[in-house]
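Asks: Just one file: target08.cif, with mmCIF, C-alpha atoms.
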```
data_protein
loop_
_atom_site.group_PDB
_atom_site.id
_atom_site.type_symbol
_atom_site.label_atom_id
_atom_site.label_comp_id
_atom_site.auth_asym_id
_atom_site.auth_seq_id
_atom_site.Cartn_x
_atom_site.Cartn_y
_atom_site.Cartn_z
ATOM 1 C CA MET A 1 0.000 0.000 0.000
ATOM 2 C CA GLY A 2 1.142 3.553 -0.536
ATOM 3 C CA VAL A 3 2.634 5.504 2.363
ATOM 4 C CA THR A 4 3.774 9.087 2.822
ATOM 5 C CA GLU A 5 6.819 9.800 4.901
ATOM 6 C CA ILE A 6 6.550 12.976 6.947
ATOM 7 C CA THR A 7 9.541 14.559 8.559
ATOM 8 C CA PRO A 8 9.041 14.868 12.310
ATOM 9 C CA GLY A 9 7.628 18.282 13.081
ATOM 10 C CA ALA A 10 6.670 18.976 9.467
ATOM 11 C CA PRO A 11 3.006 19.795 8.731
ATOM 12 C CA ASP A 12 0.819 17.054 7.270
ATOM 13 C CA PRO A 13 0.495 17.870 3.530
ATOM 14 C CA SER A 14 -3.145 16.806 3.459
ATOM 15 C CA SER A 15 -4.683 16.781 6.912
ATOM 16 C CA GLY A 16 -4.038 16.086 10.575
ATOM 17 C CA PRO A 17 -3.478 12.607 11.995
ATOM 18 C CA ASP A 18 -6.210 10.429 13.461
ATOM 19 C CA ARG A 19 -7.256 11.529 16.927
ATOM 20 C CA THR A 20 -9.035 9.647 19.651
ATOM 21 C CA GLY A 21 -11.329 12.524 20.644
ATOM 22 C CA SER A 22 -14.893 13.051 19.513
ATOM 23 C CA ASP A 23 -13.770 14.753 16.284
ATOM 24 C CA ALA A 24 -11.249 12.041 15.400
ATOM 25 C CA GLY A 25 -11.307 10.528 11.901
ATOM 26 C CA ASN A 26 -14.065 12.794 10.566
ATOM 27 C CA ASP A 27 -12.165 13.669 7.393
ATOM 28 C CA ALA A 28 -11.029 11.330 4.651
ATOM 29 C CA GLY A 29 -7.493 12.624 4.921
ATOM 30 C CA SER A 30 -6.942 11.576 8.522
ATOM 31 C CA THR A 31 -3.771 9.572 9.019
ATOM 32 C CA THR A 32 -2.421 6.742 11.098
ATOM 33 C CA GLN A 33 1.158 6.347 12.184
ATOM 34 C CA VAL A 34 1.890 2.665 11.653
ATOM 35 C CA PRO A 35 4.813 0.959 13.369
ATOM 36 C CA ALA A 36 7.284 -0.642 11.005
ATOM 37 C CA GLY A 37 6.126 -4.153 10.121
ATOM 38 C CA ALA A 38 2.723 -3.661 11.739
ATOM 39 C CA ARG A 39 0.691 -6.823 11.663
ATOM 40 C CA PRO A 40 -2.273 -8.446 13.443
ATOM 41 C CA GLY A 41 -1.599 -9.281 17.059
ATOM 42 C CA ILE A 42 1.787 -7.512 17.322
ATOM 43 C CA GLY A 43 3.414 -7.540 20.720
ATOM 44 C CA GLU A 44 4.407 -4.702 22.978
ATOM 45 C CA HIS A 45 7.988 -4.755 21.709
ATOM 46 C CA ASP A 46 6.855 -4.237 18.117
ATOM 47 C CA ARG A 47 4.507 -1.417 19.068
ATOM 48 C CA GLU A 48 7.366 0.436 20.679
ATOM 49 C CA GLN A 49 9.261 0.720 17.389
ATOM 50 C CA PRO A 50 9.585 4.290 16.044
ATOM 51 C CA PRO A 51 6.513 5.233 13.985
ATOM 52 C CA VAL A 52 8.045 5.903 10.580
ATOM 53 C CA PRO A 53 5.352 5.749 7.849
ATOM 54 C CA VAL A 54 1.975 7.478 7.941
ATOM 55 C CA MET A 55 -1.174 5.822 6.578
ATOM 56 C CA TYR A 56 -4.104 7.982 5.575
ATOM 57 C CA ALA A 57 -7.678 6.957 6.390
ATOM 58 C CA LYS A 58 -8.462 5.980 2.788
ATOM 59 C CA GLU A 59 -5.411 3.718 2.659
ATOM 60 C CA ARG A 60 -6.250 2.203 6.019
ATOM 61 C CA ARG A 61 -9.784 1.428 4.918
ATOM 62 C CA GLN A 62 -8.525 -0.193 1.723
ATOM 63 C CA ALA A 63 -6.197 -2.302 3.861
ATOM 64 C CA ILE A 64 -9.108 -3.288 6.108
ATOM 65 C CA VAL A 65 -11.083 -4.469 3.079
ATOM 66 C CA ARG A 66 -8.141 -6.603 1.941
ATOM 67 C CA LEU A 67 -7.647 -8.099 5.404
ATOM 68 C CA THR A 68 -11.355 -8.855 5.706
ATOM 69 C CA ALA A 69 -11.399 -10.628 2.349
ATOM 70 C CA ALA A 70 -8.272 -12.621 3.198
ATOM 71 C CA ARG A 71 -9.391 -13.752 6.668
ATOM 72 C CA GLY A 72 -13.151 -14.018 6.259
ATOM 73 C CA ARG A 73 -13.655 -12.053 9.488
ATOM 74 C CA VAL A 74 -11.823 -9.263 11.325
ATOM 75 C CA SER A 75 -12.356 -7.818 14.785
ATOM 76 C CA VAL A 76 -12.274 -4.191 15.873
ATOM 77 C CA ALA A 77 -9.746 -5.023 18.586
ATOM 78 C CA ASP A 78 -7.282 -6.725 16.210
ATOM 79 C CA LEU A 79 -7.591 -3.969 13.610
ATOM 80 C CA ALA A 80 -6.940 -1.306 16.247
ATOM 81 C CA VAL A 81 -3.686 -3.062 17.161
ATOM 82 C CA THR A 82 -2.737 -3.655 13.541
ATOM 83 C CA PHE A 83 -3.089 -0.004 12.550
ATOM 84 C CA ALA A 84 -2.145 1.505 15.926
ATOM 85 C CA VAL A 85 -5.334 3.531 16.257
ATOM 86 C CA ALA A 86 -8.162 3.694 18.758
ATOM 87 C CA PRO A 87 -11.042 1.182 18.439
ATOM 88 C CA GLU A 88 -13.384 4.131 17.881
ATOM 89 C CA THR A 89 -11.411 5.012 14.740
ATOM 90 C CA ILE A 90 -11.779 1.456 13.425
ATOM 91 C CA ARG A 91 -15.516 1.497 14.126
ATOM 92 C CA ARG A 92 -15.851 4.690 12.083
ATOM 93 C CA ASP A 93 -13.807 3.097 9.307
ATOM 94 C CA LEU A 94 -16.112 0.086 9.274
ATOM 95 C CA ASP A 95 -19.180 2.335 9.200
ATOM 96 C CA VAL A 96 -17.759 4.043 6.100
ATOM 97 C CA LEU A 97 -17.005 0.682 4.465
ATOM 98 C CA VAL A 98 -20.493 -0.637 5.228
ATOM 99 C CA ARG A 99 -22.095 2.449 3.655
ATOM 100 C CA SER A 100 -19.941 1.993 0.559
ATOM 101 C CA GLY A 101 -20.915 -1.672 0.311
ATOM 102 C CA GLN A 102 -17.423 -3.099 0.836
ATOM 103 C CA VAL A 103 -17.934 -5.040 4.104
ATOM 104 C CA ASP A 104 -20.747 -6.145 6.388
ATOM 105 C CA ARG A 105 -20.742 -5.540 10.139
ATOM 106 C CA VAL A 106 -21.043 -8.390 12.619
ATOM 107 C CA HIS A 107 -20.739 -8.279 16.389
ATOM 108 C CA GLY A 108 -17.271 -7.012 17.222
ATOM 109 C CA GLY A 109 -16.002 -6.692 13.677
ATOM 110 C CA ALA A 110 -16.750 -7.231 9.990
ATOM 111 C CA ILE A 111 -16.979 -9.847 7.250
ATOM 112 C CA PRO A 112 -16.631 -9.482 3.461
ATOM 113 C CA ARG A 113 -19.721 -8.236 1.660
ATOM 114 C CA SER A 114 -19.162 -10.902 -0.985
ATOM 115 C CA SER A 115 -19.110 -13.719 1.584
ATOM 116 C CA PHE A 116 -22.736 -14.820 1.073
ATOM 117 C CA GLY A 117 -22.208 -16.976 -1.992
ATOM 118 C CA THR A 118 -24.801 -18.387 -4.362
ATOM 119 C CA ILE A 119 -22.421 -20.378 -6.571
ATOM 120 C CA GLU A 120 -21.763 -24.035 -5.768
ATOM 121 C CA SER A 121 -19.550 -26.644 -7.352
ATOM 122 C CA THR A 122 -21.102 -29.872 -8.557
ATOM 123 C CA ALA A 123 -21.044 -33.091 -6.566
ATOM 124 C CA ARG A 124 -18.833 -34.606 -9.238
ATOM 125 C CA GLU A 125 -16.301 -31.810 -8.786
ATOM 126 C CA ARG A 126 -16.392 -32.007 -4.997
ATOM 127 C CA ARG A 127 -15.741 -35.743 -5.000
ATOM 128 C CA THR A 128 -12.284 -34.995 -6.421
ATOM 129 C CA THR A 129 -11.234 -32.644 -3.598
ATOM 130 C CA ARG A 130 -10.113 -33.257 -0.002
ATOM 131 C CA GLY A 131 -10.794 -36.972 -0.297
ATOM 132 C CA ASP A 132 -8.481 -37.966 2.559
ATOM 133 C CA ALA A 133 -10.106 -35.486 4.949
ATOM 134 C CA LYS A 134 -13.610 -36.637 4.044
ATOM 135 C CA ALA A 135 -12.662 -40.279 4.475
ATOM 136 C CA ALA A 136 -11.171 -39.587 7.915
ATOM 137 C CA ILE A 137 -14.299 -37.695 8.968
ATOM 138 C CA ALA A 138 -16.483 -40.561 7.747
ATOM 139 C CA ARG A 139 -14.489 -43.140 9.731
ATOM 140 C CA ALA A 140 -14.864 -41.038 12.886
ATOM 141 C CA ALA A 141 -18.611 -40.668 12.218
ATOM 142 C CA MET A 142 -19.047 -44.465 12.283
ATOM 143 C CA ASP A 143 -18.736 -44.308 16.076
ATOM 144 C CA TYR A 144 -21.931 -42.219 16.188
ATOM 145 C CA LEU A 145 -24.190 -44.629 14.333
ATOM 146 C CA PRO A 146 -27.085 -45.813 16.501
ATOM 147 C CA GLU A 147 -27.332 -49.354 17.782
ATOM 148 C CA SER A 148 -28.965 -52.179 15.845
ATOM 149 C CA HIS A 149 -32.464 -51.450 14.566
ATOM 150 C CA GLY A 150 -31.837 -47.727 14.885
ATOM 151 C CA SER A 151 -32.452 -45.122 12.202
ATOM 152 C CA ILE A 152 -30.512 -42.279 10.622
ATOM 153 C CA ILE A 153 -31.127 -39.389 8.262
ATOM 154 C CA LEU A 154 -28.222 -39.112 5.836
ATOM 155 C CA ASP A 155 -27.969 -35.754 4.089
ATOM 156 C CA GLY A 156 -26.682 -35.447 0.549
ATOM 157 C CA GLY A 157 -23.083 -34.346 0.018
ATOM 158 C CA THR A 158 -19.636 -35.752 -0.585
ATOM 159 C CA THR A 159 -18.584 -36.016 3.071
ATOM 160 C CA THR A 160 -21.835 -37.700 4.049
ATOM 161 C CA GLY A 161 -21.343 -39.788 0.902
ATOM 162 C CA ALA A 162 -18.014 -40.925 2.339
ATOM 163 C CA LEU A 163 -19.918 -42.088 5.425
ATOM 164 C CA ALA A 164 -22.234 -44.125 3.182
ATOM 165 C CA ALA A 165 -19.158 -45.770 1.656
ATOM 166 C CA GLU A 166 -17.839 -46.628 5.140
ATOM 167 C CA MET A 167 -21.205 -48.140 6.078
ATOM 168 C CA THR A 168 -21.144 -50.297 2.967
ATOM 169 C CA LEU A 169 -17.582 -51.407 3.708
ATOM 170 C CA ARG A 170 -18.445 -52.354 7.289
ATOM 171 C CA SER A 171 -21.405 -54.396 6.127
ATOM 172 C CA GLU A 172 -19.172 -56.291 3.700
ATOM 173 C CA GLN A 173 -16.491 -56.930 6.310
ATOM 174 C CA ASP A 174 -18.877 -57.760 9.137
ATOM 175 C CA PRO A 175 -21.928 -59.764 8.013
ATOM 176 C CA THR A 176 -23.203 -59.707 11.605
ATOM 177 C CA ALA A 177 -23.522 -55.919 11.654
ATOM 178 C CA GLY A 178 -26.905 -54.945 13.064
ATOM 179 C CA PRO A 179 -29.643 -53.635 10.774
ATOM 180 C CA LEU A 180 -30.247 -49.912 10.388
ATOM 181 C CA THR A 181 -32.831 -47.817 8.592
ATOM 182 C CA VAL A 182 -31.496 -44.978 6.432
ATOM 183 C CA ILE A 183 -33.522 -42.016 5.179
ATOM 184 C CA THR A 184 -31.715 -39.944 2.558
ATOM 185 C CA ASP A 185 -32.275 -37.227 -0.013
ATOM 186 C CA SER A 186 -29.220 -38.322 -2.029
ATOM 187 C CA VAL A 187 -29.923 -40.355 -5.159
ATOM 188 C CA ARG A 188 -26.340 -41.620 -5.299
ATOM 189 C CA THR A 189 -26.282 -42.596 -1.607
ATOM 190 C CA GLY A 190 -29.670 -44.293 -1.839
ATOM 191 C CA LEU A 191 -28.529 -46.464 -4.740
ATOM 192 C CA GLU A 192 -25.209 -47.320 -3.079
ATOM 193 C CA LEU A 193 -26.726 -48.336 0.247
ATOM 194 C CA SER A 194 -29.628 -50.227 -1.314
ATOM 195 C CA THR A 195 -27.297 -53.140 -2.104
ATOM 196 C CA THR A 196 -26.310 -53.498 1.564
ATOM 197 C CA ARG A 197 -28.365 -56.284 3.138
ATOM 198 C CA SER A 198 -28.212 -54.919 6.686
ATOM 199 C CA LEU A 199 -29.701 -51.569 5.662
ATOM 200 C CA THR A 200 -33.244 -50.543 4.802
ATOM 201 C CA VAL A 201 -33.093 -47.426 2.648
ATOM 202 C CA HIS A 202 -35.849 -44.847 2.169
ATOM 203 C CA LEU A 203 -35.115 -42.402 -0.654
ATOM 204 C CA LEU A 204 -37.103 -39.191 -0.490
ATOM 205 C CA GLY A 205 -39.107 -38.289 -3.569
ATOM 206 C CA GLY A 206 -39.036 -34.948 -5.330
ATOM 207 C CA VAL A 207 -37.207 -32.995 -7.993
ATOM 208 C CA ILE A 208 -33.606 -34.072 -8.585
ATOM 209 C CA ARG A 209 -30.977 -31.310 -8.467
ATOM 210 C CA ASP A 210 -28.205 -32.358 -10.821
ATOM 211 C CA VAL A 211 -25.616 -30.113 -9.154
ATOM 212 C CA THR A 212 -25.942 -31.912 -5.797
ATOM 213 C CA GLU A 213 -27.561 -35.189 -6.903
ATOM 214 C CA THR A 214 -30.238 -34.694 -4.228
ATOM 215 C CA VAL A 215 -34.011 -34.344 -4.254
ATOM 216 C CA VAL A 216 -35.819 -31.167 -3.227
ATOM 217 C CA GLY A 217 -39.291 -29.679 -3.363
ATOM 218 C CA ALA A 218 -42.703 -30.191 -1.796
ATOM 219 C CA MET A 219 -42.747 -33.981 -2.146
ATOM 220 C CA ALA A 220 -39.386 -34.323 -0.377
ATOM 221 C CA LEU A 221 -40.531 -32.060 2.456
ATOM 222 C CA THR A 222 -43.830 -33.929 2.862
ATOM 223 C CA MET A 223 -42.141 -37.326 3.082
ATOM 224 C CA LEU A 224 -39.429 -36.060 5.425
ATOM 225 C CA GLY A 225 -42.029 -34.473 7.674
ATOM 226 C CA GLN A 226 -43.633 -37.880 8.222
ATOM 227 C CA VAL A 227 -40.543 -39.673 9.574
ATOM 228 C CA SER A 228 -38.163 -39.364 12.508
ATOM 229 C CA ALA A 229 -34.704 -40.785 13.224
ATOM 230 C CA ASP A 230 -32.209 -41.304 16.007
ATOM 231 C CA VAL A 231 -29.413 -39.341 14.331
ATOM 232 C CA ALA A 232 -29.135 -36.928 11.412
ATOM 233 C CA PHE A 233 -25.775 -36.713 9.670
ATOM 234 C CA LEU A 234 -25.639 -33.349 7.895
ATOM 235 C CA GLY A 235 -23.376 -31.753 5.340
ATOM 236 C CA THR A 236 -22.942 -28.038 4.714
ATOM 237 C CA ASN A 237 -21.365 -25.581 2.295
ATOM 238 C CA GLY A 238 -20.449 -23.103 5.009
ATOM 239 C CA LEU A 239 -20.017 -22.979 8.772
ATOM 240 C CA SER A 240 -19.506 -19.767 10.732
ATOM 241 C CA ALA A 241 -20.022 -18.373 14.206
ATOM 242 C CA ASP A 242 -22.295 -15.612 12.945
ATOM 243 C CA PHE A 243 -24.509 -17.378 10.415
ATOM 244 C CA GLY A 244 -24.398 -21.022 11.407
ATOM 245 C CA LEU A 245 -24.777 -23.646 8.674
ATOM 246 C CA THR A 246 -25.359 -22.231 5.202
ATOM 247 C CA THR A 247 -25.924 -23.408 1.646
ATOM 248 C CA PRO A 248 -26.467 -21.557 -1.663
ATOM 249 C CA ASP A 249 -29.834 -22.985 -2.720
ATOM 250 C CA VAL A 250 -33.196 -22.119 -1.141
ATOM 251 C CA GLU A 251 -34.844 -25.481 -1.847
ATOM 252 C CA GLU A 252 -31.812 -27.432 -0.658
ATOM 253 C CA ALA A 253 -31.829 -25.360 2.532
ATOM 254 C CA ALA A 254 -35.492 -26.190 3.150
ATOM 255 C CA VAL A 255 -34.795 -29.936 3.109
ATOM 256 C CA LYS A 256 -31.725 -29.608 5.320
ATOM 257 C CA ARG A 257 -33.616 -27.379 7.742
ATOM 258 C CA LEU A 258 -36.347 -29.963 8.182
ATOM 259 C CA MET A 259 -33.762 -32.709 8.708
ATOM 260 C CA THR A 260 -32.497 -30.921 11.815
ATOM 261 C CA THR A 261 -35.959 -31.149 13.393
ATOM 262 C CA ARG A 262 -36.657 -34.807 12.565
ATOM 263 C CA SER A 263 -33.908 -36.443 14.631
ATOM 264 C CA ARG A 264 -32.857 -36.724 18.254
ATOM 265 C CA ARG A 265 -29.226 -35.742 17.490
ATOM 266 C CA CYS A 266 -27.701 -33.619 14.756
ATOM 267 C CA ILE A 267 -24.132 -34.376 13.704
ATOM 268 C CA LEU A 268 -22.353 -32.166 11.196
ATOM 269 C CA LEU A 269 -19.677 -33.657 8.937
ATOM 270 C CA ALA A 270 -17.586 -30.781 7.574
ATOM 271 C CA ASP A 271 -13.934 -30.446 6.608
ATOM 272 C CA ALA A 272 -11.923 -27.346 7.462
ATOM 273 C CA SER A 273 -12.530 -25.692 4.082
ATOM 274 C CA LYS A 274 -16.086 -24.946 5.284
ATOM 275 C CA PHE A 275 -14.937 -22.846 8.247
ATOM 276 C CA ASP A 276 -15.893 -19.154 8.036
ATOM 277 C CA SER A 277 -17.613 -19.654 4.675
ATOM 278 C CA ASN A 278 -21.083 -18.178 4.333
ATOM 279 C CA TYR A 279 -23.739 -18.797 1.715
ATOM 280 C CA MET A 280 -27.089 -17.222 1.043
ATOM 281 C CA CYS A 281 -29.337 -19.588 2.994
ATOM 282 C CA THR A 282 -28.970 -20.475 6.669
ATOM 283 C CA PHE A 283 -30.551 -23.853 7.385
ATOM 284 C CA ALA A 284 -29.414 -24.381 10.982
ATOM 285 C CA GLU A 285 -28.061 -22.354 13.870
ATOM 286 C CA LEU A 286 -25.080 -23.606 15.842
ATOM 287 C CA GLU A 287 -27.291 -24.310 18.850
ATOM 288 C CA GLN A 288 -29.110 -26.993 16.849
ATOM 289 C CA LEU A 289 -25.936 -29.091 16.532
ATOM 290 C CA ASP A 290 -24.825 -31.762 18.952
ATOM 291 C CA VAL A 291 -21.544 -32.827 17.346
ATOM 292 C CA LEU A 292 -19.130 -31.454 14.733
ATOM 293 C CA ILE A 293 -16.778 -33.976 13.135
ATOM 294 C CA THR A 294 -14.033 -32.287 11.151
ATOM 295 C CA ASP A 295 -10.386 -32.682 10.159
ATOM 296 C CA ALA A 296 -8.803 -29.627 11.810
ATOM 297 C CA GLN A 297 -9.198 -27.366 14.802
ATOM 298 C CA PRO A 298 -11.730 -24.600 14.031
ATOM 299 C CA PRO A 299 -10.448 -20.994 14.148
ATOM 300 C CA ARG A 300 -10.551 -19.369 17.572
ATOM 301 C CA HIS A 301 -13.791 -17.384 17.258
ATOM 302 C CA LEU A 302 -15.654 -20.361 15.779
ATOM 303 C CA ALA A 303 -14.243 -22.706 18.412
ATOM 304 C CA GLN A 304 -15.438 -20.317 21.121
ATOM 305 C CA ALA A 305 -18.937 -20.228 19.630
ATOM 306 C CA LEU A 306 -19.072 -24.027 19.409
ATOM 307 C CA LYS A 307 -17.957 -24.295 23.021
ATOM 308 C CA ALA A 308 -20.546 -21.732 24.127
ATOM 309 C CA HIS A 309 -23.270 -23.926 22.602
ATOM 310 C CA GLU A 310 -21.762 -27.056 24.186
ATOM 311 C CA ILE A 311 -21.145 -28.714 20.823
ATOM 312 C CA GLU A 312 -18.797 -31.681 20.886
ATOM 313 C CA VAL A 313 -15.953 -31.181 18.383
ATOM 314 C CA VAL A 314 -14.243 -34.305 17.060
ATOM 315 C CA ILE A 315 -10.999 -33.915 15.079
ATOM 316 C CA ALA A 316 -10.685 -36.913 12.778
#
```
Starting from the file, lay out its structure as structure tokens.
Replies:
Amino acid sequence: MGVTEITPGAPDPSSGPDRTGSDAGNDAGSTTQVPAGARPGIGEHDREQPPVPVMYAKERRQAIVRLTAARGRVSVADLAVTFAVAPETIRRDLDVLVRSGQVDRVHGGAIPRSSFGTIESTARERRTTRGDAKAAIARAAMDYLPESHGSIILDGGTTTGALAAEMTLRSEQDPTAGPLTVITDSVRTGLELSTTRSLTVHLLGGVIRDVTETVVGAMALTMLGQVSADVAFLGTNGLSADFGLTTPDVEEAAVKRLMTTRSRRCILLADASKFDSNYMCTFAELEQLDVLITDAQPPRHLAQALKAHEIEVVIA
């Protein structure tokens, strides 16, 4: 980013520096003295370095937008340390950026305006990515299957699909495995599990979405509303502390949302690429989850939110 070096004691060529009083940061030319090598979470030693460059408010706000896009979420406290200004200055910066449509405010900070996606990759594409992580998550999820003669709802998706593959493998390796009833909206999963003798599979009816290979619509919702299960294994496109579980499609979200209400326990299978991603439709709040099975430790703010809702986190 561009900086302007000002000789100590020389007048600011554009405007005065940021101030912490009530009139601080009211003009676009306000400046911030940034310690050399300023970065998020710098220590006391770094902050004591001589303030050499000066960053103007416009430059600082552009930097905030870039940081927000890169991290998915920024906090007022961290930004204040990063740019060596008062939290009030950062709050004013965020207000300006919200009005200009560049970020969205959340409690304590901001997220990218473009973070609520509506574009999704196809199931065929997703089956070629993060296969090892999905397989590990599926193996860990096997420990949460109900006992013999129990029932599960198995959501569509590639990670839940990996669980279906593990269930098939177990049935082949252990002919004495107890019977289970599976209710699914996934055409692919329904066909795969239908060949397993220990499983009774109910495939929801409805309109098939080619992009996810699942069924949606009124018929799917009606059938799902008439059944209940011991455990629901869910997939998601996004998982965040602020917006819960999200997916791009409205009809897909409706089916997933109903799944969360038709089971005693809700278990989310999601690899780390889903953390801090947000899509247009929220289908479940964090408080509706009982267990998250993933392949990496969630980022600090998400981990804190999961802990606050007493959600068990399993790292596969």
Asks: Could you check the closest approach to Cys281 of chain A for each of A:Ala77, A:Ile293, A:Val255, A:Leu269 and tell me which residue wins, using only C-alpha atoms?
Replies: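 Comparing A:Ala77, A:Ile293, A:Val255, A:Leu269 against Cys281 of chain A, the winner is A:Val255.
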Asks: Considering all atoms listed in the file, can you say which of A:Thr122, A:Ser100, A:Thr184, A:Ser198 comes closest to Thr158 of chain A?
Replies: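 When distances to Thr158 of chain A are compared using all atoms listed in the file, the smallest one comes from A:Thr122.
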Asks: Using the chain letters and residue numbers of this document, give as an mmCIF file with C-alpha atoms, in the frame of the given file the residues selected by the PyMOL selection byres ((chain A and resi 156) around 7).
Replies:
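Once everything was written out, this is part09.cif:
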```cif
data_model
loop_
_atom_site.group_PDB
_atom_site.id
_atom_site.type_symbol
_atom_site.label_atom_id
_atom_site.label_comp_id
_atom_site.auth_asym_id
_atom_site.auth_seq_id
_atom_site.Cartn_x
_atom_site.Cartn_y
_atom_site.Cartn_z
ATOM 1 C CA LEU A 154 -28.222 -39.112 5.836
ATOM 2 C CA ASP A 155 -27.969 -35.754 4.089
ATOM 3 C CA GLY A 157 -23.083 -34.346 0.018
ATOM 4 C CA THR A 160 -21.835 -37.700 4.049
ATOM 5 C CA GLY A 161 -21.343 -39.788 0.902
ATOM 6 C CA ASP A 185 -32.275 -37.227 -0.013
ATOM 7 C CA SER A 186 -29.220 -38.322 -2.029
ATOM 8 C CA THR A 214 -30.238 -34.694 -4.228
ATOM 9 C CA GLY A 235 -23.376 -31.753 5.340
#
```
Asks: Identify, on the basis of all atoms listed in the file, every residue whose closest approach to Arg130 of chain A does not exceed 9 Å; exclude the query and any residue fewer than 4 positions from it along the same chain; express the result as JSON, numbers by chain.
Replies: {"A": [126, 134, 135, 271, 273]}
Asks: Pick out the residues sitting within 7 Å of segment 179-182 of chain A, and hand them over as a PDB file with C-alpha atoms, in the frame of the given file; count only C-alpha atoms, and ignore anything fewer than 6 positions along from it in its own chain.
Replies:
```
ATOM      1  CA  SER A 148     -28.965 -52.179  15.845  1.00  0.00           C
ATOM      2  CA  HIS A 149     -32.464 -51.450  14.566  1.00  0.00           C
ATOM      3  CA  GLY A 150     -31.837 -47.727  14.885  1.00  0.00           C
ATOM      4  CA  SER A 151     -32.452 -45.122  12.202  1.00  0.00           C
ATOM      5  CA  ILE A 152     -30.512 -42.279  10.622  1.00  0.00           C
ATOM      6  CA  ILE A 153     -31.127 -39.389   8.262  1.00  0.00           C
ATOM      7  CA  LEU A 154     -28.222 -39.112   5.836  1.00  0.00           C
ATOM      8  CA  SER A 198     -28.212 -54.919   6.686  1.00  0.00           C
ATOM      9  CA  LEU A 199     -29.701 -51.569   5.662  1.00  0.00           C
ATOM     10  CA  THR A 200     -33.244 -50.543   4.802  1.00  0.00           C
ATOM     11  CA  VAL A 201     -33.093 -47.426   2.648  1.00  0.00           C
ATOM     12  CA  HIS A 202     -35.849 -44.847   2.169  1.00  0.00           C
TER      13      HIS A 202
END
```
Asks: One decimal, in Å: what's the spacing between atom CA of Ala305 of chain A and atom CA of Val106 of chain A?
Replies: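 One can read the atom CA of Ala305 of chain A to atom CA of Val106 of chain A distance as 13.9 Å.
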Asks: Could you check how far atom CA of Gly109 of chain A sits from atom CA of Val76 of chain A, in Å to one decimal?
Replies: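 Result for atom CA of Gly109 of chain A versus atom CA of Val76 of chain A: 5.0 Å, one decimal.
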Asks: Quick one: pull the distance between atom CA of Gly131 of chain A and atom CA of Leu234 of chain A, Å, one decimal.
Replies: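 One can read the atom CA of Gly131 of chain A to atom CA of Leu234 of chain A distance as 17.3 Å.
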Asks: When you count only C-alpha atoms, which of these residues is closest to Ala141 of chain A: A:Thr294, A:Gln62, A:Thr222, A:Thr246?
Replies: A:Thr294
Asks: On this structure, the PyMOL selection byres ((chain A and resi 257) around 10) would catch which residues? List them as a PDB file with C-alpha atoms, keeping the file's coordinate frame, sorted by chain and number.
Replies:
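Dumped to expr00.pdb:
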```pdb
ATOM      1  CA  LEU A 221     -40.531 -32.060   2.456  1.00  0.00           C
ATOM      2  CA  LEU A 234     -25.639 -33.349   7.895  1.00  0.00           C
ATOM      3  CA  LEU A 245     -24.777 -23.646   8.674  1.00  0.00           C
ATOM      4  CA  GLU A 251     -34.844 -25.481  -1.847  1.00  0.00           C
ATOM      5  CA  GLU A 252     -31.812 -27.432  -0.658  1.00  0.00           C
ATOM      6  CA  ALA A 253     -31.829 -25.360   2.532  1.00  0.00           C
ATOM      7  CA  ALA A 254     -35.492 -26.190   3.150  1.00  0.00           C
ATOM      8  CA  VAL A 255     -34.795 -29.936   3.109  1.00  0.00           C
ATOM      9  CA  LYS A 256     -31.725 -29.608   5.320  1.00  0.00           C
ATOM     10  CA  LEU A 258     -36.347 -29.963   8.182  1.00  0.00           C
ATOM     11  CA  MET A 259     -33.762 -32.709   8.708  1.00  0.00           C
ATOM     12  CA  THR A 260     -32.497 -30.921  11.815  1.00  0.00           C
ATOM     13  CA  THR A 261     -35.959 -31.149  13.393  1.00  0.00           C
ATOM     14  CA  ARG A 262     -36.657 -34.807  12.565  1.00  0.00           C
ATOM     15  CA  THR A 282     -28.970 -20.475   6.669  1.00  0.00           C
ATOM     16  CA  PHE A 283     -30.551 -23.853   7.385  1.00  0.00           C
ATOM     17  CA  ALA A 284     -29.414 -24.381  10.982  1.00  0.00           C
ATOM     18  CA  GLU A 285     -28.061 -22.354  13.870  1.00  0.00           C
TER      19      GLU A 285
END
```
Asks: Can you give me, as a ChimeraX atom specification, the residues this file yields under the PyMOL selection byres ((chain A and resi 68) around 12)?
Replies: /A:40,61-67,69-76,78-79,94,97,102-106,109-115,276
Asks: Which one is closest to Pro146 of chain A: A:Asp230, A:Asp174, A:Asp290, A:Glu120? Count all atoms listed in the file.
Replies: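 Counting all atoms listed in the file, the residue closest to Pro146 of chain A is A:Asp230.
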Asks: Nearest to Pro248 of chain A among A:Thr196, A:Ser121, A:Leu286, A:Ala177, with distances taken over all atoms listed in the file: which residue is it?
Replies: A:Ser121
Asks: Kindly complete segment 237-241 of chain A to N, CA and C atoms; the output should be written as an mmCIF file, in the frame of the given file.
Replies:
```
data_model
loop_
_atom_site.group_PDB
_atom_site.id
_atom_site.type_symbol
_atom_site.label_atom_id
_atom_site.label_comp_id
_atom_site.auth_asym_id
_atom_site.auth_seq_id
_atom_site.Cartn_x
_atom_site.Cartn_y
_atom_site.Cartn_z
ATOM 1 N N ASN A 237 -22.306 -26.320 3.141
ATOM 2 C CA ASN A 237 -21.365 -25.581 2.295
ATOM 3 C C ASN A 237 -20.540 -24.607 3.112
ATOM 4 N N GLY A 238 -21.145 -24.073 4.180
ATOM 5 C CA GLY A 238 -20.449 -23.103 5.009
ATOM 6 C C GLY A 238 -20.781 -23.279 6.476
ATOM 7 N N LEU A 239 -19.826 -22.900 7.321
ATOM 8 C CA LEU A 239 -20.017 -22.979 8.772
ATOM 9 C C LEU A 239 -19.330 -21.782 9.404
ATOM 10 N N SER A 240 -20.092 -20.953 10.102
ATOM 11 C CA SER A 240 -19.506 -19.767 10.732
ATOM 12 C C SER A 240 -20.185 -19.474 12.053
ATOM 13 N N ALA A 241 -19.485 -18.731 12.898
ATOM 14 C CA ALA A 241 -20.022 -18.373 14.206
ATOM 15 C C ALA A 241 -21.225 -17.451 14.085
#
```
